[in-house]
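Participant: You'll find my_file.txt just under this line, and it carries compact mmCIF, C-alpha atoms.
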```
# COMPACT_ATOMS: atom_id res chain seq x y z
CA MET S 37 10.90 10.94 5.53
CA LYS S 38 8.51 13.88 5.61
CA SER S 39 9.00 16.71 8.06
CA LYS S 40 5.23 16.80 8.66
CA GLU S 41 3.06 14.11 10.15
CA TYR S 42 1.65 11.58 7.74
CA LYS S 43 -2.09 11.74 7.23
CA ILE S 44 -4.00 8.76 5.91
CA GLY S 45 -7.61 8.33 4.92
CA ILE S 46 -9.47 5.34 6.37
CA THR S 47 -12.72 4.02 4.93
CA CYS S 48 -14.83 0.90 4.40
CA CYS S 49 -15.77 0.17 0.79
CA SER S 50 -17.06 -3.30 1.65
CA ASN S 51 -19.09 -4.38 4.69
CA GLY S 52 -19.24 -1.79 7.46
CA GLN S 53 -17.62 -2.44 10.79
CA LYS S 54 -19.93 -3.58 13.58
CA ARG S 55 -20.60 -1.00 16.28
CA THR S 56 -19.20 -3.47 18.81
CA TYR S 57 -15.79 -2.97 17.14
CA GLN S 58 -15.56 0.70 18.15
CA THR S 59 -13.05 -0.08 20.89
CA LYS S 60 -10.79 -1.83 18.35
CA ILE S 61 -11.07 1.05 15.89
CA LYS S 62 -10.09 3.45 18.70
CA GLU S 63 -7.09 1.20 19.46
CA LEU S 64 -6.08 1.37 15.79
CA GLU S 65 -6.42 5.16 15.85
CA ASP S 66 -4.25 5.42 18.97
CA THR S 67 -1.65 3.05 17.50
CA LEU S 68 -1.38 5.12 14.34
CA HIS S 69 -0.93 8.33 16.34
CA ARG S 70 1.87 6.70 18.34
CA ILE S 71 3.85 5.89 15.20
CA GLY S 72 3.41 9.36 13.73
CA ILE S 73 0.37 8.91 11.50
CA GLN S 74 -2.83 10.91 11.74
CA PRO S 75 -5.87 8.93 10.55
CA ILE S 76 -8.76 10.72 8.88
CA PHE S 77 -11.89 8.54 9.02
CA SER S 78 -14.54 8.69 6.33
CA ASP S 79 -18.27 8.70 7.02
CA CYS S 80 -18.46 5.07 5.90
CA ILE S 81 -16.89 3.03 8.69
CA TYR S 82 -19.70 1.40 10.67
CA GLU S 83 -22.84 -0.52 9.80
CA GLU S 84 -25.98 1.55 9.71
CA ASP S 85 -29.43 0.09 10.39
CA THR S 86 -28.92 -2.50 7.67
CA TYR S 87 -26.00 -4.85 6.98
CA ILE S 88 -24.05 -2.17 5.10
CA SER S 89 -22.28 1.03 6.10
CA ALA S 90 -23.92 3.04 3.32
CA SER S 91 -25.12 2.72 -0.26
CA ALA S 92 -22.58 1.81 -2.94
CA LYS S 93 -22.71 5.39 -4.24
CA LYS S 94 -22.09 6.85 -0.79
CA ARG S 95 -19.21 4.46 -0.16
CA ALA S 96 -17.69 5.43 -3.52
CA ASP S 97 -18.15 9.12 -2.77
CA ALA S 98 -16.40 8.61 0.58
CA ILE S 99 -13.28 7.15 -0.99
CA MET S 100 -13.25 9.74 -3.77
CA LYS S 101 -13.37 12.48 -1.14
CA LEU S 102 -10.19 11.01 0.32
CA TYR S 103 -8.56 10.87 -3.11
CA LYS S 104 -9.39 14.53 -3.71
CA SER S 105 -8.12 15.72 -0.33
CA GLU S 106 -4.75 17.42 -0.66
CA GLU S 107 -3.78 16.69 2.95
CA ILE S 108 -4.05 12.90 2.74
CA ASP S 109 -1.01 10.81 1.77
CA ALA S 110 -2.58 7.36 1.29
CA ILE S 111 -5.92 5.58 1.59
CA PHE S 112 -6.54 2.49 3.71
CA ASP S 113 -9.64 0.34 3.64
CA ILE S 114 -10.19 -1.56 6.89
CA SER S 115 -13.19 -3.57 5.73
CA GLY S 116 -13.75 -6.91 4.07
CA GLY S 117 -16.72 -9.06 3.25
CA ASP S 118 -18.85 -8.96 0.12
CA LEU S 119 -19.90 -5.49 -1.01
CA ALA S 120 -16.85 -3.73 -2.44
CA ASN S 121 -17.52 -4.43 -6.12
CA GLY S 122 -20.73 -2.38 -5.85
CA ILE S 123 -18.72 0.84 -5.79
CA LEU S 124 -16.79 0.21 -9.01
CA PRO S 125 -19.13 2.04 -11.43
CA TYR S 126 -19.13 5.12 -9.20
CA LEU S 127 -15.36 5.63 -8.87
CA ASP S 128 -13.72 8.48 -10.78
CA TYR S 129 -10.81 6.63 -12.36
CA GLU S 130 -9.37 9.78 -13.91
CA VAL S 131 -8.98 11.34 -10.47
CA ILE S 132 -7.46 8.11 -9.15
CA LYS S 133 -5.07 7.93 -12.10
CA ASN S 134 -3.80 11.44 -11.50
CA SER S 135 -3.46 11.01 -7.74
CA ALA S 136 -0.19 10.22 -6.02
CA LYS S 137 -2.08 8.31 -3.30
CA MET S 138 -1.81 4.54 -3.03
CA PHE S 139 -4.77 2.42 -1.99
CA TRP S 140 -4.35 -0.32 0.65
CA GLY S 141 -6.85 -3.07 1.48
CA TYR S 142 -7.34 -6.83 1.49
CA SER S 143 -9.86 -9.62 0.93
CA ASP S 144 -12.98 -8.17 -0.76
CA LEU S 145 -10.96 -5.08 -1.67
CA THR S 146 -9.32 -7.33 -4.24
CA THR S 147 -12.11 -6.10 -6.52
CA VAL S 148 -11.18 -2.46 -6.04
CA MET S 149 -7.42 -2.94 -6.35
CA ASN S 150 -7.69 -4.89 -9.60
CA ALA S 151 -10.23 -2.44 -11.01
CA ILE S 152 -7.87 0.44 -10.20
CA TYR S 153 -5.05 -1.35 -12.01
CA THR S 154 -7.25 -2.17 -15.00
CA LYS S 155 -8.57 1.37 -15.35
CA THR S 156 -5.51 3.41 -14.36
CA ARG S 157 -2.44 1.11 -14.30
CA LYS S 158 -1.84 2.32 -10.74
CA ALA S 159 -0.64 -0.10 -8.08
CA SER S 160 -2.28 -0.87 -4.72
CA VAL S 161 -1.15 -2.82 -1.67
CA LEU S 162 -2.91 -5.97 -0.51
CA TYR S 163 -2.69 -5.50 3.27
CA GLN S 164 -5.07 -5.12 6.23
CA LEU S 165 -4.18 -2.13 8.41
CA ARG S 166 -6.01 -3.67 11.38
CA ASN S 167 -3.12 -6.15 11.67
CA LEU S 168 -1.37 -3.38 13.63
CA ILE S 169 -3.57 -4.18 16.65
CA TYR S 170 -3.84 -7.97 16.52
CA ASP S 171 -1.74 -10.93 17.71
CA TYR S 172 1.48 -9.97 15.92
CA LYS S 173 1.12 -6.24 16.42
CA GLU S 174 4.70 -5.54 17.49
CA GLU S 175 6.14 -7.15 14.38
CA GLN S 176 3.43 -5.64 12.21
CA ILE S 177 4.03 -2.13 13.55
CA SER S 178 7.78 -2.54 13.00
CA ASN S 179 7.35 -3.78 9.41
CA PHE S 180 4.68 -1.19 8.57
CA THR S 181 6.71 1.70 9.98
CA ASN S 182 9.81 0.51 8.12
CA THR S 183 7.95 0.43 4.82
CA PHE S 184 5.35 3.20 4.98
CA ILE S 185 7.33 5.83 6.91
CA ASP S 186 11.01 4.95 6.53
CA GLY S 187 10.99 3.86 2.88
CA GLY S 188 12.11 0.28 3.52
CA ASN S 189 10.51 -2.93 2.29
CA GLN S 190 10.14 -5.18 5.34
CA LEU S 191 6.36 -5.29 5.01
CA LEU S 192 6.63 -6.37 1.37
CA LYS S 193 9.54 -8.78 1.72
CA MET S 194 8.00 -12.25 1.71
CA GLU S 195 9.49 -15.69 2.04
CA TYR S 196 8.39 -18.19 -0.59
CA GLN S 197 9.31 -21.45 -2.24
CA PHE S 198 8.65 -22.88 -5.67
CA ILE S 199 6.63 -26.06 -6.04
CA GLN S 200 6.77 -26.00 -9.83
CA ASN S 201 9.49 -24.48 -12.04
CA ASN S 202 11.88 -21.99 -10.41
CA ARG S 203 11.37 -18.49 -11.79
CA MET S 204 8.55 -16.11 -12.64
CA ARG S 205 8.31 -12.51 -13.71
CA GLY S 206 5.28 -10.35 -14.33
CA ILE S 207 2.87 -7.76 -12.98
CA VAL S 208 0.96 -9.12 -10.00
CA VAL S 209 -2.85 -9.25 -10.21
CA GLY S 210 -5.45 -11.15 -8.23
CA GLY S 211 -5.73 -11.56 -4.49
CA ASN S 212 -8.64 -13.26 -2.79
CA ILE S 213 -9.77 -15.92 -5.27
CA ARG S 214 -13.51 -15.59 -4.57
CA CYS S 215 -13.51 -11.82 -4.78
CA PHE S 216 -11.24 -11.66 -7.83
CA LEU S 217 -13.69 -13.81 -9.76
CA LYS S 218 -16.44 -11.23 -9.22
CA LEU S 219 -14.64 -9.23 -11.92
CA ALA S 220 -14.85 -11.98 -14.55
CA GLY S 221 -16.74 -10.76 -17.60
CA THR S 222 -16.66 -7.12 -16.48
CA GLU S 223 -14.71 -4.11 -17.69
CA TYR S 224 -12.80 -4.18 -14.42
CA MET S 225 -11.11 -7.56 -14.95
CA PRO S 226 -7.40 -7.13 -15.71
CA ASP S 227 -5.86 -8.60 -18.85
CA LEU S 228 -4.15 -11.71 -17.52
CA SER S 229 -1.59 -12.02 -20.31
CA ASP S 230 1.90 -12.53 -18.85
CA LYS S 231 0.71 -11.65 -15.35
CA ILE S 232 1.56 -13.30 -12.05
CA LEU S 233 -1.75 -14.42 -10.55
CA LEU S 234 -1.89 -14.19 -6.76
CA LEU S 235 -4.49 -16.44 -5.13
CA GLU S 236 -5.44 -16.71 -1.46
CA SER S 237 -8.62 -17.39 0.50
CA TYR S 238 -10.12 -17.28 3.96
CA GLY S 239 -13.02 -19.71 3.60
CA GLY S 240 -13.56 -22.66 1.34
CA ALA S 241 -13.35 -26.44 1.46
CA PRO S 242 -11.80 -28.30 -1.51
CA TYR S 243 -15.00 -28.46 -3.54
CA LEU S 244 -15.40 -24.68 -3.35
CA ILE S 245 -11.77 -23.97 -4.20
CA GLU S 246 -12.00 -26.41 -7.10
CA THR S 247 -15.01 -24.63 -8.57
CA TYR S 248 -13.11 -21.33 -8.42
CA LEU S 249 -10.21 -22.98 -10.23
CA CYS S 250 -12.64 -24.36 -12.82
CA GLN S 251 -13.87 -20.84 -13.50
CA LEU S 252 -10.34 -19.51 -13.85
CA GLN S 253 -9.60 -22.30 -16.30
CA GLN S 254 -12.78 -21.62 -18.26
CA ILE S 255 -11.99 -17.93 -18.70
CA GLY S 256 -8.57 -18.89 -20.04
CA ALA S 257 -6.57 -17.58 -17.10
CA PHE S 258 -4.14 -20.46 -16.87
CA ASP S 259 -3.29 -20.24 -20.59
CA LYS S 260 -2.33 -16.56 -20.28
CA ILE S 261 -0.50 -16.06 -17.01
CA ALA S 262 3.24 -16.19 -16.39
CA GLY S 263 2.98 -17.78 -12.96
CA ILE S 264 0.96 -18.29 -9.79
CA ILE S 265 1.64 -17.26 -6.20
CA LEU S 266 -0.39 -19.21 -3.67
CA GLY S 267 -0.87 -17.44 -0.37
CA THR S 268 -2.67 -18.93 2.59
CA PHE S 269 -6.03 -20.71 2.28
CA THR S 270 -7.15 -20.43 5.87
CA GLN S 271 -10.01 -22.91 6.09
CA MET S 272 -8.28 -25.46 3.89
CA GLU S 273 -5.18 -25.36 6.08
CA THR S 274 -6.87 -25.09 9.47
CA GLU S 275 -9.04 -28.12 8.81
CA ASN S 276 -6.28 -30.06 7.03
CA TYR S 277 -8.41 -30.75 3.99
CA VAL S 278 -7.26 -33.24 1.38
CA PRO S 279 -6.43 -32.66 -1.40
CA SER S 280 -4.36 -29.58 -0.63
CA VAL S 281 -4.63 -26.32 -2.54
CA GLN S 282 -1.31 -27.05 -4.24
CA THR S 283 -2.60 -30.41 -5.45
CA LEU S 284 -5.84 -28.86 -6.69
CA VAL S 285 -4.04 -26.11 -8.60
CA LYS S 286 -1.72 -28.57 -10.30
CA LYS S 287 -4.77 -30.37 -11.70
CA PHE S 288 -5.66 -27.29 -13.72
CA VAL S 289 -2.37 -25.86 -14.96
CA ARG S 290 0.33 -26.98 -17.36
CA ASN S 291 3.29 -28.68 -15.71
CA ASP S 292 5.76 -25.99 -16.73
CA LEU S 293 3.81 -23.06 -15.25
CA PRO S 294 5.79 -21.55 -12.36
CA ILE S 295 4.03 -21.88 -9.00
CA ALA S 296 5.34 -20.39 -5.76
CA VAL S 297 3.80 -20.71 -2.31
CA THR S 298 4.08 -18.35 0.66
CA ARG S 299 2.77 -18.40 4.22
CA GLU S 300 3.07 -14.62 4.43
CA ILE S 301 0.24 -13.41 2.16
CA GLY S 302 -3.40 -13.90 3.07
CA HIS S 303 -5.86 -13.42 5.92
CA GLY S 304 -3.54 -14.25 8.81
CA THR S 305 -2.92 -11.54 11.38
CA ASP S 306 0.78 -12.12 10.72
CA ALA S 307 0.39 -11.47 6.97
CA LYS S 308 2.67 -9.17 5.06
CA GLY S 309 1.67 -7.05 2.09
CA ILE S 310 2.10 -7.48 -1.65
CA VAL S 311 1.73 -4.88 -4.39
CA ILE S 312 -1.04 -5.48 -6.92
CA GLY S 313 -0.31 -3.89 -10.30
CA GLN S 314 3.48 -3.85 -10.02
CA GLU S 315 6.09 -6.11 -11.62
CA LEU S 316 7.58 -8.81 -9.42
CA ILE S 317 10.45 -11.20 -10.08
CA LEU S 318 10.71 -14.41 -8.07
CA GLU S 319 13.63 -16.81 -8.54
```
Would you mind writing the file out in structure tokens?
Facilitator:
Amino acid sequence: MKSKEYKIGITCCSNGQKRTYQTKIKELEDTLHRIGIQPIFSDCIYEEDTYISASAKKRADAIMKLYKSEEIDAIFDISGGDLANGILPYLDYEVIKNSAKMFWGYSDLTTVMNAIYTKTRKASVLYQLRNLIYDYKEEQISNFTNTFIDGGNQLLKMEYQFIQNNRMRGIVVGGNIRCFLKLAGTEYMPDLSDKILLLESYGGAPYLIETYLCQLQQIGAFDKIAGIILGTFTQMETENYVPSVQTLVKKFVRNDLPIAVTREIGHGTDAKGIVIGQELILE
């Protein structure tokens, strides 16, 4: 543990926060201070006059400023939505590669985390910091403090079960299925060879999830990967859609491809984190 207070940068690379959320952002700031973390907010947190917090270039400059700051220990994105992939051409991947800072975000930040891995081989954490102030905040604060401050792994220790085969090993890529597919055909898409592909989603009925799976099949993903982790698919599960995500996935993959499922990765306010760009062994 450091003798000094942790300092973290907080920004929004995707959709800006609504001004009506200012009370919640202040609650997050106060929570972080209580656990010994000083948050440094970028200039790109809230929506401006339009639907975005700033231009893609300005949002990229904001995160790069945090990377270049010597006082900041890690960078957390508290946004989500649709706009994060717009910043990818403006990031300085050499600076990111040479930085000791780890990037944390979820949902639409899937694009940024996988681009960082592709360009720098650095890992990021799929996790939403705002979980510290929601329904499961006591457990979230405990797990986050254990992992980020005390060097434990409670936030990253997930329960899972296999629904096909019983072992997988590989570097984890992916995240939100819709957002990950924005990278298809770009220089930011990771090489999927021998990777574990993490897939989760907030929205999407079966026909939408199936079309995402079709695209993954058509880009050859399922022929290359070493396994799949299925996190939560919120709308599918909340509305009890049939067929299930597991059934849909099995339609597209070979019957010996390892598939594990977990309730602990995804958009739930009880979600844990998982490292994108780092090797994982499940058995």
Participant: Separation of atom CA of Ala136 of chain S and atom CA of Arg157 of chain S, in Å?
Facilitator: 12.5 Å
Participant: Enter the distance from atom CA of Ile264 of chain S to atom CA of Ile232 of chain S, in Å, rounded to one decimal.
Facilitator: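 According to the coordinates, atom CA of Ile264 of chain S and atom CA of Ile232 of chain S are separated by 5.5 Å.
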Participant: Taking all atoms listed in the file into account, produce a table as a tab-separated table in which each residue of segment 63-115 of chain S with an atom at most 12 Å from an atom of segment 145-154 of chain S appears once, together with its shortest atom pair and the distance in Å to one decimal, ordered by chain and rising number.
Facilitator:
```
residue	atom	partner	partner_atom	distance
S:Ala96	CA	S:Val148	CA	10.5
S:Ile99	CA	S:Val148	CA	11.1
S:Ile111	CA	S:Met149	CA	11.7
S:Phe112	CA	S:Leu145	CA	10.3
S:Asp113	CA	S:Leu145	CA	7.7
S:Ile114	CA	S:Leu145	CA	9.3
S:Ser115	CA	S:Leu145	CA	7.9
```
Participant: Quick one: distance from atom CA of Phe216 of chain S to atom CA of Arg290 of chain S in Å, one decimal?
Facilitator: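 Taking atom CA of Phe216 of chain S and atom CA of Arg290 of chain S, their separation equals 21.4 Å.
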Participant: Find the spatial neighbours of Gly72 of chain S, counting only C-alpha atoms, within a cut-off of 6 Å - ignore same-chain residues fewer than 2 positions away - and output them as a list in words.
Facilitator: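 Once the nearby chain positions are removed, what remains is Glu41, His69 and Arg70 of chain S.
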Participant: Closest to Gln200 of chain S among S:Lys94, S:Lys286, S:Arg55, S:Lys155, using only C-alpha atoms?
Facilitator: S:Lys286
Participant: Would you list the contacts of Asp230 of chain S as a ChimeraX atom specification, taking every protein, DNA or RNA residue within 8 Å and counting all atoms listed in the file, but skipping same-chain residues closer than 5 positions in sequence?
Facilitator: /S:206-207,260-263
Participant: Select from segment 193-241 of chain S every residue with an atom at most 12 Å from any atom of segment 161-164 of chain S, then for each give the shortest pair of atoms and their distance in Å to one decimal, using all atoms listed in the file, rows by chain and rising number, as CSV.
Facilitator:
```
residue,atom,partner,partner_atom,distance
S:Val208,CA,S:Val161,CA,10.7
S:Val209,CA,S:Leu162,CA,10.2
S:Gly210,CA,S:Leu162,CA,9.6
S:Gly211,CA,S:Leu162,CA,7.4
S:Asn212,CA,S:Leu162,CA,9.5
S:Leu234,CA,S:Leu162,CA,10.4
S:Leu235,CA,S:Leu162,CA,11.6
S:Glu236,CA,S:Leu162,CA,11.1
```
Participant: Restricted to C-alpha atoms, what would the selected residues look like written as an mmCIF file, in the frame of the given file?
Facilitator:
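Written file, result_11.cif:
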```cif
data_model
loop_
_atom_site.group_PDB
_atom_site.id
_atom_site.type_symbol
_atom_site.label_atom_id
_atom_site.label_comp_id
_atom_site.auth_asym_id
_atom_site.auth_seq_id
_atom_site.Cartn_x
_atom_site.Cartn_y
_atom_site.Cartn_z
ATOM 1 C CA VAL S 208 0.960 -9.120 -10.000
ATOM 2 C CA VAL S 209 -2.850 -9.250 -10.210
ATOM 3 C CA GLY S 210 -5.450 -11.150 -8.230
ATOM 4 C CA GLY S 211 -5.730 -11.560 -4.490
ATOM 5 C CA ASN S 212 -8.640 -13.260 -2.790
ATOM 6 C CA LEU S 234 -1.890 -14.190 -6.760
ATOM 7 C CA LEU S 235 -4.490 -16.440 -5.130
ATOM 8 C CA GLU S 236 -5.440 -16.710 -1.460
#
```
Participant: Quick one: residues within 10 Å of Ile44 of chain S, only C-alpha atoms, excluding same-chain residues fewer than 2 positions away - as number ranges by chain?
Facilitator: S: 41-42, 46-47, 68, 73-77, 102, 107-112, 137
Participant: Give me the residues within 6 Å of Gln53 of chain S as a list in words, counting all atoms listed in the file and dropping any in the same chain fewer than 3 places off.
Facilitator: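 Here the qualifying residues turn out to be Ile81, Tyr82 and Glu83 of chain S.
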Participant: Near Pro125 of chain S, counting all atoms listed in the file, which residues have an atom at most 10 Å away, once you skip same-chain residues fewer than 3 positions from it, shown as a PyMOL selection string?
Facilitator: chain S and resi 92-93+96+121-122+128-129+151+223-224
Participant: Given all atoms listed in the file as the basis, pick out the residue of S:Ala241, S:Phe180, S:Met100, S:Asn167 nearest to Lys193 of chain S.
Facilitator: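 Nearest candidate to Lys193 of chain S out of S:Ala241, S:Phe180, S:Met100, S:Asn167: S:Phe180.
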Participant: Kindly provide, as a list in words, the polymer residues lying within 7 Å of (-1.9, -1.9, -5.0), counting all atoms listed in the file and using the coordinates exactly as they appear in the file.
Facilitator: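 Output of the proximity query reads Met138, Phe139, Trp140, Met149, Ala159, Ser160, Val161, Leu162, Val311, Ile312 and Gly313 of chain S.
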Participant: Using all atoms listed in the file, find the one residue out of S:Asn291, S:Gln176, S:Thr298, S:Ser91 that sits nearest to Ile71 of chain S.
Facilitator: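 Among S:Asn291, S:Gln176, S:Thr298, S:Ser91, it is S:Gln176 that comes nearest to Ile71 of chain S.
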Participant: Using only the atoms of segment 182-186 of chain S listed in the file, plus 3 Å on each side, state the axis-aligned box centre and edge lengths in Å rounded to one decimal, as AutoDock Vina command-line options.
Facilitator:
```
--center_x 8.2 --center_y 3.1 --center_z 6.5 --size_x 11.7 --size_y 11.4 --size_z 9.3
```
Participant: Considering all atoms listed in the file, state which residue in the set S:Asp118, S:Leu318, S:Val297, S:Met194 is at the smallest distance from Ser143 of chain S.
Facilitator: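 Checking each candidate against Ser143 of chain S, we get S:Asp118 as the closest.
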